[in-house]
Amino acid sequence: MSVTLTQLNAFVLVARLGSVRAAASALGVSESAVSQAITALRQDLGDQLITRSQAGMTLTPGGTRLLGTASQIVMLGAEAHAAVRAAQGAPEQLRIVATSTFAEFVAGPLMEAFRRRFAGSVEVTTGVAASGEQAVLIGNRLADVAFGPGPADEREMPIVSEPIFKYRLVVVAAGNRLPRGPARQWRWLVDPSGTDPGSETARLLQRLEVPDGNIGVFQSQTAAWAAAADGAGVAPAIEHLVSHQLRRGELSFVDMPGLPVEECWHVTLLEREWRGVAASALRRFLNTPEAMQLMRSPAAGVPPSRFKPPVYVTIWS
């Protein structure tokens, strides 16, 4: 047998995320690479491990028993890599993932402020991840800290998710072009979070029963707001992040039943005994007045191009 960390990591991610495509995205590799790793693992262990049906992917009894052990091995592999880096004097890695809106506006200023405060040497990378992927990325050591709505199901992984900042979700439109008719018939302009089923934007659209044909997805929240200001439709927005456009009169609130909606950003990390020094320091920093002020009023939006999902080769190499 020649079972490798590559194979086990691919298996764990496919099992946790539910698809080869999602696992490949998390690893930053091709779908064929993940499929090849799963095929090799099946051959080595003599079990299908995962079967596909109309209902989705299902673990075989052997796959179910393997998942817990494989997760532990993957975590130990990450621990080994971190230990060697530390012995070589390399800076500690701090890998951040966040939902697209948080990444666009808050992650950049927040990490810059943290770097100024943190006494040690740290190498920070930031990427965008859907809310449903964040717990898996943290639990499998592909990321150290995640920002988003918080996982709905921690799936018995050694992670914790804690609320850090409350905000209000509103809907905005051009001041002189407020929409008429039922909300489901309006043209809705969203950033990539609108395609994330766990996001506050997607939940709002689902509650309003907005069909896909009435939704336009933009590269960034800023672009969606600009289109709304031009009269192209309405856009969900986090109230304190869109305040400048509201003050300038470019956008106005759309009065709707049930709005504004109270929401909350969460931070998700490994449990205290598993997390690194930098991740623990960042968690403490999030409780400071400086961090709270940055989440309330970021200095500037960060271009989405700076938040391409990073390729983590810790396990794959």
# chains A, B, ... in the order shown; residues from 1 in each chain; ligands from 1
>>> residues_around(residues="Gln185 of chain A", least_positions_apart="2", cutoff="8 Å", atoms="only C-alpha atoms", output="MDAnalysis selection string")
chainID A and resid 181:183 187 210 214
>>> closest_atom_pairs(of="segment 86-181 of chain A", to="segment 24-44 of chain A", cutoff="9 Å", atoms="only C-alpha atoms", output="Markdown table")
| residue | atom | partner | partner_atom | distance |
| --- | --- | --- | --- | --- |
| A:Ala129 | CA | A:Ala26 | CA | 8.1 |
| A:Glu133 | CA | A:Ala26 | CA | 8.1 |
| A:Leu137 | CA | A:Ala26 | CA | 7.3 |
| A:Leu142 | CA | A:Leu27 | CA | 7.8 |
>>> write_last_selection(atoms="N, CA, C and O atoms", output="CSV table (one decimal), in the first residue's frame")
chain,number,residue,atom,x,y,z
A,129,ALA,N,-13.7,32.4,0.2
A,129,ALA,CA,-14.3,31.1,0.3
A,129,ALA,C,-15.8,31.2,0.7
A,129,ALA,O,-16.2,32.1,1.4
A,133,GLU,N,-17.9,26.3,2.9
A,133,GLU,CA,-16.6,25.7,2.8
A,133,GLU,C,-15.7,26.1,3.9
A,133,GLU,O,-14.7,25.4,4.2
A,137,LEU,N,-12.3,24.0,5.5
A,137,LEU,CA,-11.0,24.6,5.2
A,137,LEU,C,-10.2,24.7,6.5
A,137,LEU,O,-9.0,24.4,6.6
A,142,LEU,N,-6.3,23.9,5.8
A,142,LEU,CA,-6.1,24.6,4.6
A,142,LEU,C,-6.2,26.1,4.8
A,142,LEU,O,-5.9,26.9,3.9
>>> residues_around(residues="Val261 of chain A", least_positions_apart="4", cutoff="12 Å", atoms="only C-alpha atoms", output="list in words")
Lys166, Tyr167, Arg168, Leu169, Val170, Val171, Glu200, Thr201, Arg203, Leu204, Pro236, Ala237, Ile238, Glu239, Met256 and Pro257 of chain A
>>> write_last_selection(atoms="all heavy atoms", output="compact mmCIF listing (two decimals), in the first residue's frame")
# COMPACT_ATOMS: atom_id res chain seq x y z
N LYS A 166 -21.84 42.82 14.73
CA LYS A 166 -23.21 42.86 14.23
C LYS A 166 -23.36 43.97 13.18
O LYS A 166 -22.73 45.02 13.29
CB LYS A 166 -24.19 43.10 15.37
CG LYS A 166 -24.30 41.95 16.35
CD LYS A 166 -25.33 42.25 17.43
CE LYS A 166 -25.47 41.08 18.39
NZ LYS A 166 -26.46 41.34 19.46
N TYR A 167 -24.20 43.71 12.18
CA TYR A 167 -24.45 44.71 11.15
C TYR A 167 -25.88 44.55 10.65
O TYR A 167 -26.58 43.60 11.04
CB TYR A 167 -23.45 44.57 10.00
CG TYR A 167 -23.50 43.23 9.29
CD1 TYR A 167 -24.34 43.03 8.20
CD2 TYR A 167 -22.70 42.17 9.71
CE1 TYR A 167 -24.40 41.81 7.55
CE2 TYR A 167 -22.75 40.94 9.06
CZ TYR A 167 -23.59 40.77 8.00
OH TYR A 167 -23.66 39.56 7.36
N ARG A 168 -26.29 45.45 9.78
CA ARG A 168 -27.65 45.42 9.24
C ARG A 168 -27.62 45.31 7.72
O ARG A 168 -26.90 46.05 7.05
CB ARG A 168 -28.43 46.66 9.67
CG ARG A 168 -28.49 46.85 11.17
CD ARG A 168 -29.67 47.70 11.62
NE ARG A 168 -29.81 48.96 10.90
CZ ARG A 168 -30.84 49.78 11.05
NH1 ARG A 168 -31.84 49.46 11.86
NH2 ARG A 168 -30.89 50.93 10.40
N LEU A 169 -28.41 44.40 7.20
CA LEU A 169 -28.55 44.23 5.76
C LEU A 169 -29.73 45.06 5.28
O LEU A 169 -30.83 44.98 5.83
CB LEU A 169 -28.77 42.76 5.41
CG LEU A 169 -28.87 42.42 3.92
CD1 LEU A 169 -27.52 42.61 3.23
CD2 LEU A 169 -29.37 41.00 3.71
N VAL A 170 -29.47 45.88 4.24
CA VAL A 170 -30.51 46.74 3.67
C VAL A 170 -30.56 46.52 2.17
O VAL A 170 -29.76 45.76 1.60
CB VAL A 170 -30.22 48.23 3.98
CG1 VAL A 170 -30.22 48.48 5.49
CG2 VAL A 170 -28.87 48.66 3.38
N VAL A 171 -31.47 47.18 1.50
CA VAL A 171 -31.56 47.16 0.04
C VAL A 171 -31.51 48.61 -0.43
O VAL A 171 -32.17 49.48 0.14
CB VAL A 171 -32.84 46.46 -0.44
CG1 VAL A 171 -33.00 46.60 -1.95
CG2 VAL A 171 -32.82 44.99 -0.05
N GLU A 200 -25.99 36.04 3.65
CA GLU A 200 -27.19 36.79 3.99
C GLU A 200 -27.91 37.28 2.73
O GLU A 200 -29.14 37.34 2.68
CB GLU A 200 -26.84 37.98 4.90
CG GLU A 200 -26.05 39.10 4.25
CD GLU A 200 -24.56 38.83 4.12
OE1 GLU A 200 -24.11 37.78 4.62
OE2 GLU A 200 -23.86 39.67 3.51
N THR A 201 -27.14 37.59 1.67
CA THR A 201 -27.74 38.03 0.41
C THR A 201 -28.56 36.91 -0.23
O THR A 201 -29.71 37.12 -0.66
CB THR A 201 -26.66 38.50 -0.56
OG1 THR A 201 -26.00 39.64 -0.02
CG2 THR A 201 -27.26 38.87 -1.91
N ARG A 203 -29.87 34.31 1.22
CA ARG A 203 -31.04 34.02 2.05
C ARG A 203 -32.15 35.04 1.80
O ARG A 203 -33.33 34.70 1.77
CB ARG A 203 -30.65 33.98 3.52
CG ARG A 203 -29.75 32.82 3.91
CD ARG A 203 -29.73 32.61 5.41
NE ARG A 203 -29.28 33.80 6.13
CZ ARG A 203 -28.02 34.04 6.46
NH1 ARG A 203 -27.06 33.17 6.11
NH2 ARG A 203 -27.68 35.13 7.13
N LEU A 204 -31.77 36.31 1.62
CA LEU A 204 -32.77 37.34 1.34
C LEU A 204 -33.45 37.07 0.00
O LEU A 204 -34.68 37.12 -0.11
CB LEU A 204 -32.10 38.72 1.31
CG LEU A 204 -32.99 39.89 0.86
CD1 LEU A 204 -34.13 40.10 1.84
CD2 LEU A 204 -32.16 41.16 0.70
N PRO A 236 -28.69 44.49 -2.57
CA PRO A 236 -28.53 44.31 -1.13
C PRO A 236 -27.21 44.96 -0.70
O PRO A 236 -26.25 45.02 -1.47
CB PRO A 236 -28.47 42.78 -0.96
CG PRO A 236 -29.03 42.22 -2.22
CD PRO A 236 -28.67 43.19 -3.29
N ALA A 237 -27.17 45.44 0.53
CA ALA A 237 -25.97 46.13 1.01
C ALA A 237 -25.89 46.04 2.52
O ALA A 237 -26.92 45.99 3.21
CB ALA A 237 -25.98 47.60 0.58
N ILE A 238 -24.67 46.03 3.02
CA ILE A 238 -24.45 46.15 4.46
C ILE A 238 -24.46 47.64 4.78
O ILE A 238 -23.69 48.41 4.21
CB ILE A 238 -23.13 45.49 4.86
CG1 ILE A 238 -23.24 43.97 4.64
CG2 ILE A 238 -22.78 45.79 6.32
CD1 ILE A 238 -21.96 43.20 4.91
N GLU A 239 -25.34 48.03 5.67
CA GLU A 239 -25.67 49.44 5.85
C GLU A 239 -24.44 50.31 6.10
O GLU A 239 -24.26 51.35 5.45
CB GLU A 239 -26.66 49.60 7.00
CG GLU A 239 -27.15 51.02 7.18
CD GLU A 239 -28.19 51.12 8.27
OE1 GLU A 239 -28.28 50.18 9.11
OE2 GLU A 239 -28.93 52.13 8.30
N MET A 256 -38.76 48.14 2.56
CA MET A 256 -39.35 46.83 2.35
C MET A 256 -39.74 46.21 3.67
O MET A 256 -39.06 46.42 4.68
CB MET A 256 -38.35 45.89 1.64
CG MET A 256 -37.96 46.30 0.25
SD MET A 256 -36.75 45.12 -0.43
CE MET A 256 -37.68 43.58 -0.34
N PRO A 257 -40.81 45.43 3.72
CA PRO A 257 -41.17 44.72 4.96
C PRO A 257 -40.05 43.77 5.38
O PRO A 257 -39.45 43.09 4.54
CB PRO A 257 -42.44 43.94 4.57
CG PRO A 257 -42.98 44.66 3.38
CD PRO A 257 -41.81 45.21 2.65
>>> closest_atom_pairs(of="segment 172-203 of chain A", to="segment 103-113 of chain A", cutoff="12 Å", atoms="only C-alpha atoms", output="tab-separated table")
residue	atom	partner	partner_atom	distance
A:Asp191	CA	A:Glu104	CA	10.0
A:Pro192	CA	A:Glu104	CA	10.7
A:Ser193	CA	A:Ala103	CA	10.7
>>> write_last_selection(atoms="C-alpha atoms", output="compact mmCIF listing (two decimals), in the first residue's frame")
# COMPACT_ATOMS: atom_id res chain seq x y z
CA ASP A 191 -21.67 40.55 -5.65
CA PRO A 192 -20.37 36.93 -5.68
CA SER A 193 -21.90 36.34 -2.24
>>> select_by_dssp(residues="segment 111-231 of chain A", states="strand (DSSP E)", output="PyMOL selection string")
chain A and resi 122-128+145-148+159-174+188-190+215-217
>>> write_last_selection(atoms="N, CA, C and O atoms", output="compact mmCIF listing (two decimals), in the first residue's frame")
# COMPACT_ATOMS: atom_id res chain seq x y z
N VAL A 122 5.20 36.99 10.48
CA VAL A 122 4.04 36.26 9.98
C VAL A 122 3.87 36.51 8.49
O VAL A 122 4.11 37.61 7.99
N GLU A 123 3.49 35.47 7.78
CA GLU A 123 3.23 35.54 6.34
C GLU A 123 1.72 35.37 6.14
O GLU A 123 1.18 34.28 6.37
N VAL A 124 1.05 36.45 5.74
CA VAL A 124 -0.41 36.45 5.64
C VAL A 124 -0.84 36.28 4.19
O VAL A 124 -0.35 36.98 3.30
N THR A 125 -1.74 35.34 3.94
CA THR A 125 -2.39 35.21 2.63
C THR A 125 -3.89 35.26 2.87
O THR A 125 -4.39 34.80 3.90
N THR A 126 -4.61 35.82 1.92
CA THR A 126 -6.06 35.97 2.06
C THR A 126 -6.75 35.47 0.80
O THR A 126 -6.30 35.73 -0.31
N GLY A 127 -7.85 34.74 0.99
CA GLY A 127 -8.61 34.22 -0.13
C GLY A 127 -10.09 34.28 0.14
O GLY A 127 -10.53 34.49 1.28
N VAL A 128 -10.88 34.13 -0.90
CA VAL A 128 -12.34 34.12 -0.78
C VAL A 128 -12.82 32.68 -0.71
O VAL A 128 -12.35 31.82 -1.47
N VAL A 145 -7.86 31.02 9.71
CA VAL A 145 -8.92 31.88 10.24
C VAL A 145 -9.92 32.14 9.12
O VAL A 145 -9.52 32.40 7.98
N ALA A 146 -11.20 32.07 9.44
CA ALA A 146 -12.25 32.34 8.45
C ALA A 146 -13.21 33.39 8.98
O ALA A 146 -13.54 33.41 10.17
N PHE A 147 -13.64 34.29 8.08
CA PHE A 147 -14.61 35.32 8.42
C PHE A 147 -15.85 35.13 7.55
O PHE A 147 -15.74 35.04 6.32
N GLY A 148 -17.01 35.09 8.19
CA GLY A 148 -18.25 34.92 7.44
C GLY A 148 -19.42 34.81 8.38
O GLY A 148 -19.34 35.20 9.55
N ILE A 159 -13.14 22.82 15.74
CA ILE A 159 -13.16 24.24 15.41
C ILE A 159 -14.14 24.97 16.33
O ILE A 159 -15.04 24.35 16.92
N VAL A 160 -13.96 26.27 16.42
CA VAL A 160 -14.90 27.11 17.16
C VAL A 160 -15.27 28.28 16.26
O VAL A 160 -14.45 28.75 15.47
N SER A 161 -16.50 28.73 16.37
CA SER A 161 -16.98 29.88 15.61
C SER A 161 -17.64 30.85 16.57
O SER A 161 -18.53 30.45 17.33
N GLU A 162 -17.18 32.10 16.56
CA GLU A 162 -17.64 33.08 17.54
C GLU A 162 -18.07 34.36 16.85
O GLU A 162 -17.42 34.81 15.90
N PRO A 163 -19.16 34.99 17.31
CA PRO A 163 -19.61 36.26 16.72
C PRO A 163 -18.63 37.38 17.05
O PRO A 163 -18.11 37.45 18.17
N ILE A 164 -18.37 38.27 16.08
CA ILE A 164 -17.43 39.36 16.33
C ILE A 164 -18.01 40.73 16.00
O ILE A 164 -17.54 41.75 16.54
N PHE A 165 -19.03 40.82 15.12
CA PHE A 165 -19.51 42.15 14.74
C PHE A 165 -20.91 42.05 14.17
O PHE A 165 -21.16 41.30 13.22
N LYS A 166 -21.84 42.82 14.73
CA LYS A 166 -23.21 42.86 14.23
C LYS A 166 -23.36 43.97 13.18
O LYS A 166 -22.73 45.02 13.29
N TYR A 167 -24.20 43.71 12.18
CA TYR A 167 -24.45 44.71 11.15
C TYR A 167 -25.88 44.55 10.65
O TYR A 167 -26.58 43.60 11.04
N ARG A 168 -26.29 45.45 9.78
CA ARG A 168 -27.65 45.42 9.24
C ARG A 168 -27.62 45.31 7.72
O ARG A 168 -26.90 46.05 7.05
N LEU A 169 -28.41 44.40 7.20
CA LEU A 169 -28.55 44.23 5.76
C LEU A 169 -29.73 45.06 5.28
O LEU A 169 -30.83 44.98 5.83
N VAL A 170 -29.47 45.88 4.24
CA VAL A 170 -30.51 46.74 3.67
C VAL A 170 -30.56 46.52 2.17
O VAL A 170 -29.76 45.76 1.60
N VAL A 171 -31.47 47.18 1.50
CA VAL A 171 -31.56 47.16 0.04
C VAL A 171 -31.51 48.61 -0.43
O VAL A 171 -32.17 49.48 0.14
N VAL A 172 -30.71 48.87 -1.47
CA VAL A 172 -30.54 50.23 -1.96
C VAL A 172 -30.82 50.29 -3.47
O VAL A 172 -30.75 49.28 -4.18
N ALA A 173 -31.12 51.50 -3.93
CA ALA A 173 -31.36 51.74 -5.36
C ALA A 173 -31.04 53.20 -5.64
O ALA A 173 -30.81 53.99 -4.72
N ALA A 174 -31.00 53.56 -6.92
CA ALA A 174 -30.80 54.96 -7.29
C ALA A 174 -31.90 55.81 -6.67
O ALA A 174 -33.07 55.41 -6.66
N TRP A 188 -32.23 42.38 -9.46
CA TRP A 188 -31.38 42.38 -8.27
C TRP A 188 -29.90 42.29 -8.68
O TRP A 188 -29.53 41.41 -9.48
N LEU A 189 -29.08 43.17 -8.15
CA LEU A 189 -27.67 43.27 -8.49
C LEU A 189 -26.85 42.87 -7.27
O LEU A 189 -26.93 43.51 -6.22
N VAL A 190 -26.05 41.82 -7.41
CA VAL A 190 -25.35 41.26 -6.25
C VAL A 190 -23.87 41.05 -6.56
O VAL A 190 -23.45 40.97 -7.73
N ILE A 215 -31.58 38.08 -11.40
CA ILE A 215 -30.40 38.34 -10.59
C ILE A 215 -29.19 38.55 -11.50
O ILE A 215 -28.94 37.73 -12.40
N GLY A 216 -28.47 39.62 -11.28
CA GLY A 216 -27.23 39.88 -12.00
C GLY A 216 -26.06 39.85 -11.02
O GLY A 216 -26.10 40.55 -10.00
N VAL A 217 -25.04 39.05 -11.31
CA VAL A 217 -23.89 38.90 -10.41
C VAL A 217 -22.72 39.72 -10.94
O VAL A 217 -22.34 39.59 -12.11
>>> residues_around(residues="segment 89-93 of chain A", least_positions_apart="2", cutoff="9 Å", atoms="only C-alpha atoms", output="PyMOL selection string")
chain A and resi 82+84-87+95+120-125+144+276-278
>>> write_last_selection(atoms="N, CA, C and O atoms", output="PDB file, in the first residue's frame")
ATOM      1  N   ALA A  82       4.250  22.688   9.744  1.00  0.00           N
ATOM      2  CA  ALA A  82       4.446  23.911  10.519  1.00  0.00           C
ATOM      3  C   ALA A  82       5.663  23.801  11.433  1.00  0.00           C
ATOM      4  O   ALA A  82       6.408  24.768  11.614  1.00  0.00           O
ATOM      5  N   VAL A  84       8.411  22.026  10.955  1.00  0.00           N
ATOM      6  CA  VAL A  84       9.638  22.130  10.166  1.00  0.00           C
ATOM      7  C   VAL A  84       9.888  23.581   9.757  1.00  0.00           C
ATOM      8  O   VAL A  84      11.020  24.075   9.805  1.00  0.00           O
ATOM      9  N   ARG A  85       8.836  24.277   9.344  1.00  0.00           N
ATOM     10  CA  ARG A  85       8.985  25.700   8.996  1.00  0.00           C
ATOM     11  C   ARG A  85       9.521  26.499  10.172  1.00  0.00           C
ATOM     12  O   ARG A  85      10.396  27.349  10.021  1.00  0.00           O
ATOM     13  N   ALA A  86       8.989  26.223  11.362  1.00  0.00           N
ATOM     14  CA  ALA A  86       9.437  26.946  12.548  1.00  0.00           C
ATOM     15  C   ALA A  86      10.902  26.657  12.840  1.00  0.00           C
ATOM     16  O   ALA A  86      11.679  27.550  13.196  1.00  0.00           O
ATOM     17  N   ALA A  87      11.313  25.392  12.689  1.00  0.00           N
ATOM     18  CA  ALA A  87      12.703  25.017  12.945  1.00  0.00           C
ATOM     19  C   ALA A  87      13.661  25.680  11.957  1.00  0.00           C
ATOM     20  O   ALA A  87      14.820  25.956  12.284  1.00  0.00           O
ATOM     21  N   ARG A  95      -3.207  31.970   7.168  1.00  0.00           N
ATOM     22  CA  ARG A  95      -4.012  31.885   5.945  1.00  0.00           C
ATOM     23  C   ARG A  95      -5.453  32.245   6.275  1.00  0.00           C
ATOM     24  O   ARG A  95      -6.114  31.562   7.049  1.00  0.00           O
ATOM     25  N   GLY A 120       5.578  39.071  16.183  1.00  0.00           N
ATOM     26  CA  GLY A 120       6.338  38.033  15.502  1.00  0.00           C
ATOM     27  C   GLY A 120       6.359  38.202  14.002  1.00  0.00           C
ATOM     28  O   GLY A 120       5.752  39.109  13.434  1.00  0.00           O
ATOM     29  N   SER A 121       7.071  37.299  13.344  1.00  0.00           N
ATOM     30  CA  SER A 121       7.147  37.292  11.890  1.00  0.00           C
ATOM     31  C   SER A 121       6.009  36.429  11.352  1.00  0.00           C
ATOM     32  O   SER A 121       5.865  35.267  11.741  1.00  0.00           O
ATOM     33  N   VAL A 122       5.200  36.991  10.475  1.00  0.00           N
ATOM     34  CA  VAL A 122       4.038  36.262   9.979  1.00  0.00           C
ATOM     35  C   VAL A 122       3.871  36.508   8.490  1.00  0.00           C
ATOM     36  O   VAL A 122       4.108  37.608   7.994  1.00  0.00           O
ATOM     37  N   GLU A 123       3.490  35.469   7.781  1.00  0.00           N
ATOM     38  CA  GLU A 123       3.225  35.537   6.338  1.00  0.00           C
ATOM     39  C   GLU A 123       1.723  35.367   6.137  1.00  0.00           C
ATOM     40  O   GLU A 123       1.179  34.284   6.370  1.00  0.00           O
ATOM     41  N   VAL A 124       1.046  36.449   5.744  1.00  0.00           N
ATOM     42  CA  VAL A 124      -0.412  36.446   5.639  1.00  0.00           C
ATOM     43  C   VAL A 124      -0.842  36.278   4.187  1.00  0.00           C
ATOM     44  O   VAL A 124      -0.347  36.977   3.300  1.00  0.00           O
ATOM     45  N   THR A 125      -1.738  35.343   3.941  1.00  0.00           N
ATOM     46  CA  THR A 125      -2.385  35.214   2.634  1.00  0.00           C
ATOM     47  C   THR A 125      -3.892  35.257   2.869  1.00  0.00           C
ATOM     48  O   THR A 125      -4.385  34.797   3.897  1.00  0.00           O
ATOM     49  N   ASP A 144      -6.352  29.105   8.353  1.00  0.00           N
ATOM     50  CA  ASP A 144      -6.192  29.252   9.805  1.00  0.00           C
ATOM     51  C   ASP A 144      -7.321  30.047  10.442  1.00  0.00           C
ATOM     52  O   ASP A 144      -7.676  29.795  11.594  1.00  0.00           O
ATOM     53  N   GLY A 276      -2.343  28.106  15.830  1.00  0.00           N
ATOM     54  CA  GLY A 276      -1.005  28.680  15.915  1.00  0.00           C
ATOM     55  C   GLY A 276      -0.970  29.975  16.700  1.00  0.00           C
ATOM     56  O   GLY A 276      -2.006  30.548  17.057  1.00  0.00           O
ATOM     57  N   VAL A 277       0.235  30.460  16.920  1.00  0.00           N
ATOM     58  CA  VAL A 277       0.433  31.681  17.705  1.00  0.00           C
ATOM     59  C   VAL A 277      -0.217  32.874  17.011  1.00  0.00           C
ATOM     60  O   VAL A 277      -0.901  33.685  17.638  1.00  0.00           O
ATOM     61  N   ALA A 278      -0.008  33.003  15.695  1.00  0.00           N
ATOM     62  CA  ALA A 278      -0.539  34.148  14.964  1.00  0.00           C
ATOM     63  C   ALA A 278      -2.062  34.142  14.944  1.00  0.00           C
ATOM     64  O   ALA A 278      -2.706  35.186  15.087  1.00  0.00           O
TER      65      ALA A 278
END
>>> atom_distance(atom1="atom CA of Glu250 of chain A", atom2="atom CA of Ser220 of chain A")
17.4 Å
>>> decode(residues="segment 109-123 of chain A", atoms="N, CA, C and O atoms", output="short mmCIF file (atom, residue, chain, number, x, y, z; two decimals), in the first residue's frame")
data_model
loop_
_atom_site.label_atom_id
_atom_site.label_comp_id
_atom_site.auth_asym_id
_atom_site.auth_seq_id
_atom_site.Cartn_x
_atom_site.Cartn_y
_atom_site.Cartn_z
N PRO A 109 -7.71 46.14 5.28
CA PRO A 109 -7.39 47.05 6.38
C PRO A 109 -7.19 46.33 7.71
O PRO A 109 -6.32 46.70 8.50
N LEU A 110 -8.00 45.30 7.97
CA LEU A 110 -7.89 44.58 9.23
C LEU A 110 -6.55 43.86 9.35
O LEU A 110 -5.89 43.91 10.40
N MET A 111 -6.12 43.20 8.27
CA MET A 111 -4.85 42.47 8.31
C MET A 111 -3.65 43.43 8.37
O MET A 111 -2.64 43.13 9.01
N GLU A 112 -3.76 44.57 7.71
CA GLU A 112 -2.67 45.54 7.79
C GLU A 112 -2.50 46.04 9.22
O GLU A 112 -1.39 46.18 9.73
N ALA A 113 -3.61 46.32 9.89
CA ALA A 113 -3.54 46.78 11.27
C ALA A 113 -2.99 45.68 12.18
O ALA A 113 -2.20 45.95 13.09
N PHE A 114 -3.41 44.44 11.94
CA PHE A 114 -2.91 43.33 12.76
C PHE A 114 -1.41 43.15 12.58
O PHE A 114 -0.68 42.92 13.55
N ARG A 115 -0.94 43.24 11.34
CA ARG A 115 0.51 43.07 11.09
C ARG A 115 1.32 44.12 11.84
O ARG A 115 2.42 43.83 12.32
N ARG A 116 0.80 45.33 11.94
CA ARG A 116 1.52 46.38 12.66
C ARG A 116 1.61 46.06 14.15
O ARG A 116 2.57 46.43 14.81
N ARG A 117 0.61 45.38 14.66
CA ARG A 117 0.57 45.08 16.09
C ARG A 117 1.32 43.80 16.45
O ARG A 117 1.86 43.68 17.55
N PHE A 118 1.30 42.82 15.56
CA PHE A 118 1.84 41.50 15.87
C PHE A 118 3.35 41.57 15.96
O PHE A 118 4.03 42.03 15.05
N ALA A 119 3.89 41.07 17.08
CA ALA A 119 5.33 41.20 17.34
C ALA A 119 6.15 40.19 16.55
O ALA A 119 7.33 40.43 16.28
N GLY A 120 5.58 39.07 16.18
CA GLY A 120 6.34 38.03 15.50
C GLY A 120 6.36 38.20 14.00
O GLY A 120 5.75 39.11 13.43
N SER A 121 7.07 37.30 13.34
CA SER A 121 7.15 37.29 11.89
C SER A 121 6.01 36.43 11.35
O SER A 121 5.87 35.27 11.74
N VAL A 122 5.20 36.99 10.48
CA VAL A 122 4.04 36.26 9.98
C VAL A 122 3.87 36.51 8.49
O VAL A 122 4.11 37.61 7.99
N GLU A 123 3.49 35.47 7.78
CA GLU A 123 3.23 35.54 6.34
C GLU A 123 1.72 35.37 6.14
O GLU A 123 1.18 34.28 6.37
#
